[in-house]
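Just below is one structure, and these are the notes that go with it.
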Amino acid sequence: MAPFPSTGSAGTPGTRWGSIGAAVHLGFAVLLVASAVRYLMRHSATDNVLVLGLAAAACLLYAAVAVLAERGRPGMAWMFALVAVWSGLVIAAPSFAWCSFALFFLARRALTGTAAYVAAGATAFATAAGLFRLSDGTDPAMVLGPLAVGLMLTLVHDRIAHDANEQVRLHAEISQAQAGLAASERRAGTIAERERVSREIHDTVTQGLASSLLLLEAADRAWPDPAAKAGLHQATGLLRSNLSETRSLVHELASPGLDTSPLPEALLIAARQYMPAARLLVTGDQREVPAEVRHALLRVVQSAAANTRLHAGATAATVTLGYLPGAVTLDIYDDGAGFDPLAAAPPSDAGGYGLRAMRQRVEQLGGVFAVESGPGEGTIVAAQLPAAPLAEQNRGGAL
């Protein structure tokens, strides 16, 4: 079993070992000094030389192994030298047996795999031998005790090390998952922005250019009839408006002349860009609506009116704006040729993005979008949007 990871951020196994290791090293120093004092008090000066020499050597080797372990450098030779010196010391002077706990943890810290088990086992056996010698070979518990404690410490340490390594693995998996999620969110944001820009271009520039093309073609056919001049003027106005819209899109500005005027007036201006005879009806008590709702309503009217001009051949169009207690409704009706919504062509290079763009705008704000039409029956484009921004709705739902 591998030892605890040696490094890590706050709260990781490496950081926890740092505090545990300091306690183990301090405990070894205290127990070594206490054992040395106890031995000096109980033995003659002649006996002290060898034991104190072994104790000093063990202390130096312990420090060397601890430093190597903290730096993550191999220290097998140093560790086994320490175990050998310690075995001689604890057998010669069993008073030092208490320090074996620190040596056990140091062995598991400095070594891995079989070498760690061998070093820890040798420490336990040397301690058992020293204590058995202390009992003059009459107390089996002195042998079994250190071995049993060593076995228990091995099992506990292995379990802790396993849990620590598992925590590190899970932390790495979570970090990887978070990185993947962030990448997915960036991709989703990019896709959403592309969808938004495509809707803006479709609802403004594309529709305006298509209507201008129709006007210019009609003027070309009618030339030099006076009606051709009026068509040219209207096409020129649409092109100027689209140039302004394009500049606004580039600078992330809204449509000129539409955001500063009251919503009903702005909707009528937007509709009459494509259907000069369009009229407006307002129901309910007029009030301010969120900026994103206002923007969506304007774009829906622009797109619906442009579709009416391009495809319906309508003679009349009516925009109805309704203020409800918790929502705003919008209906755009025309008396044109109508169509089957279920048979509408999918988006392509030739067009077909209008209905999809309108639906996306409305539904992204938590609204409802519908189209009612039939061949020869005209068309009604209907939308209902909440009167509060979607973020406020979400906060309200969480309360």
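The chains in the structure tokens are called A, B, ... from first to last as shown; in each chain the residues are counted from 1, and the ligands are counted from 1 in the order shown.
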Shell of 9 Å around His25 (chain A), only C-alpha atoms, local chain residues under 3 positions omitted, as a ChimeraX atom specification:
/A:20-22,28-30,62-63,66,102,106
Identify, on the basis of only C-alpha atoms, every residue whose closest approach to Leu82 (chain A) does not exceed 12 Å; exclude the query and any residue fewer than 6 positions from it along the same chain; express the result as a list of chain:residue names.
A:Leu54, A:Ala55, A:Ala56, A:Ala57, A:Ala58, A:Cys59, A:Leu60, A:Leu61, A:Tyr62, A:Ala63, A:Ala64, A:Val65, A:Ala66, A:Gly75, A:Met76, A:Gly88, A:Leu89, A:Val90, A:Ser100, A:Leu103, A:Phe104, A:Leu106, A:Ala107, A:Ala110, A:Ala119, A:Ala120, A:Ala122, A:Thr123
What does the distance from CA of Leu40 (chain A) to CA of Cys99 (chain A) come to in Å, to one decimal?
16.5 Å
Between A:Val156, A:Ala36, A:Ala312, A:Ala270, which one has atoms that come closest to Ala296 (chain A), using only C-alpha atoms?
A:Ala270
Selection: 8 Å around region 358-360 of chain A, only C-alpha atoms, excl. self and same-chain fewer than 5 positions, as a JSON list (two decimals) with N, CA and C atoms, in the first residue's frame:
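Below is the file out-v3.json, written as the result:
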```json
[["chain", "number", "residue", "atom", "x", "y", "z"],
["A", 299, "ARG", "N", -38.75, 42.23, -32.60],
["A", 299, "ARG", "CA", -38.22, 41.34, -33.62],
["A", 299, "ARG", "C", -39.30, 40.43, -34.19],
["A", 300, "VAL", "N", -40.20, 39.96, -33.34],
["A", 300, "VAL", "CA", -41.28, 39.12, -33.84],
["A", 300, "VAL", "C", -42.14, 39.90, -34.83],
["A", 303, "SER", "N", -40.18, 40.36, -38.14],
["A", 303, "SER", "CA", -40.09, 39.13, -38.91],
["A", 303, "SER", "C", -41.44, 38.74, -39.51],
["A", 368, "VAL", "N", -44.86, 31.67, -24.91],
["A", 368, "VAL", "CA", -45.54, 30.69, -25.76],
["A", 368, "VAL", "C", -45.71, 31.31, -27.14],
["A", 369, "PHE", "N", -45.41, 30.52, -28.17],
["A", 369, "PHE", "CA", -45.50, 31.00, -29.55],
["A", 369, "PHE", "C", -46.40, 30.06, -30.35],
["A", 370, "ALA", "N", -47.24, 30.64, -31.23],
["A", 370, "ALA", "CA", -48.14, 29.82, -32.05],
["A", 370, "ALA", "C", -48.38, 30.51, -33.38]]
```
Please compute the CA of Ala97 (chain A)-CA of Ala129 (chain A) distance, one decimal, in Å.
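Value for the CA of Ala97 (chain A)-CA of Ala129 (chain A) distance: 10.0 Å.
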Can you work out the spacing between CA of Thr283 (chain A) and CA of Ala388 (chain A) in Å, to one decimal?
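The value is 18.6 Å.
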Tell me, as a JSON list (two decimals) with C-alpha atoms, in the first residue's frame, which residues lie within 9 Å of His311 (chain A), counting only C-alpha atoms; anything in the same chain fewer than 5 positions away does not count.
```
[["chain", "number", "residue", "atom", "x", "y", "z"],
["A", 306, "ALA", "CA", -41.53, 40.88, -43.50],
["A", 336, "GLY", "CA", -53.00, 37.09, -47.24],
["A", 337, "ALA", "CA", -52.79, 33.75, -48.99],
["A", 338, "GLY", "CA", -52.04, 31.77, -45.84]]
```
Closest to Leu68 (chain A) among A:Leu111, A:Val293, A:Ala34, A:Leu170, using only C-alpha atoms?
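Of A:Leu111, A:Val293, A:Ala34, A:Leu170, the one nearest Leu68 (chain A), counting only C-alpha atoms, is A:Leu111.
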Which neighbours of Gly145 (chain A) fall inside 8 Å, counting only C-alpha atoms, when residues of the same chain fewer than 4 positions from it are skipped, and could you give them as an MDAnalysis selection string?
chainID A and resid 128 141 149
Would you list the contacts of Pro262 (chain A) as number ranges by chain, taking every protein, DNA or RNA residue within 10 Å and counting only C-alpha atoms, but skipping same-chain residues closer than 4 positions in sequence?
A: 258, 266-267, 286-288
Write the residues you've just listed into a file as an mmCIF file, in the first residue's frame, and include C-alpha atoms for each of them.
```
data_model
loop_
_atom_site.group_PDB
_atom_site.id
_atom_site.type_symbol
_atom_site.label_atom_id
_atom_site.label_comp_id
_atom_site.auth_asym_id
_atom_site.auth_seq_id
_atom_site.Cartn_x
_atom_site.Cartn_y
_atom_site.Cartn_z
ATOM 1 C CA LEU A 258 -37.446 51.798 -31.573
ATOM 2 C CA ALA A 266 -42.228 51.110 -31.722
ATOM 3 C CA LEU A 267 -44.207 48.020 -32.788
ATOM 4 C CA GLN A 286 -50.233 50.122 -20.962
ATOM 5 C CA ARG A 287 -47.069 49.767 -18.838
ATOM 6 C CA GLU A 288 -43.336 49.250 -19.136
#
```
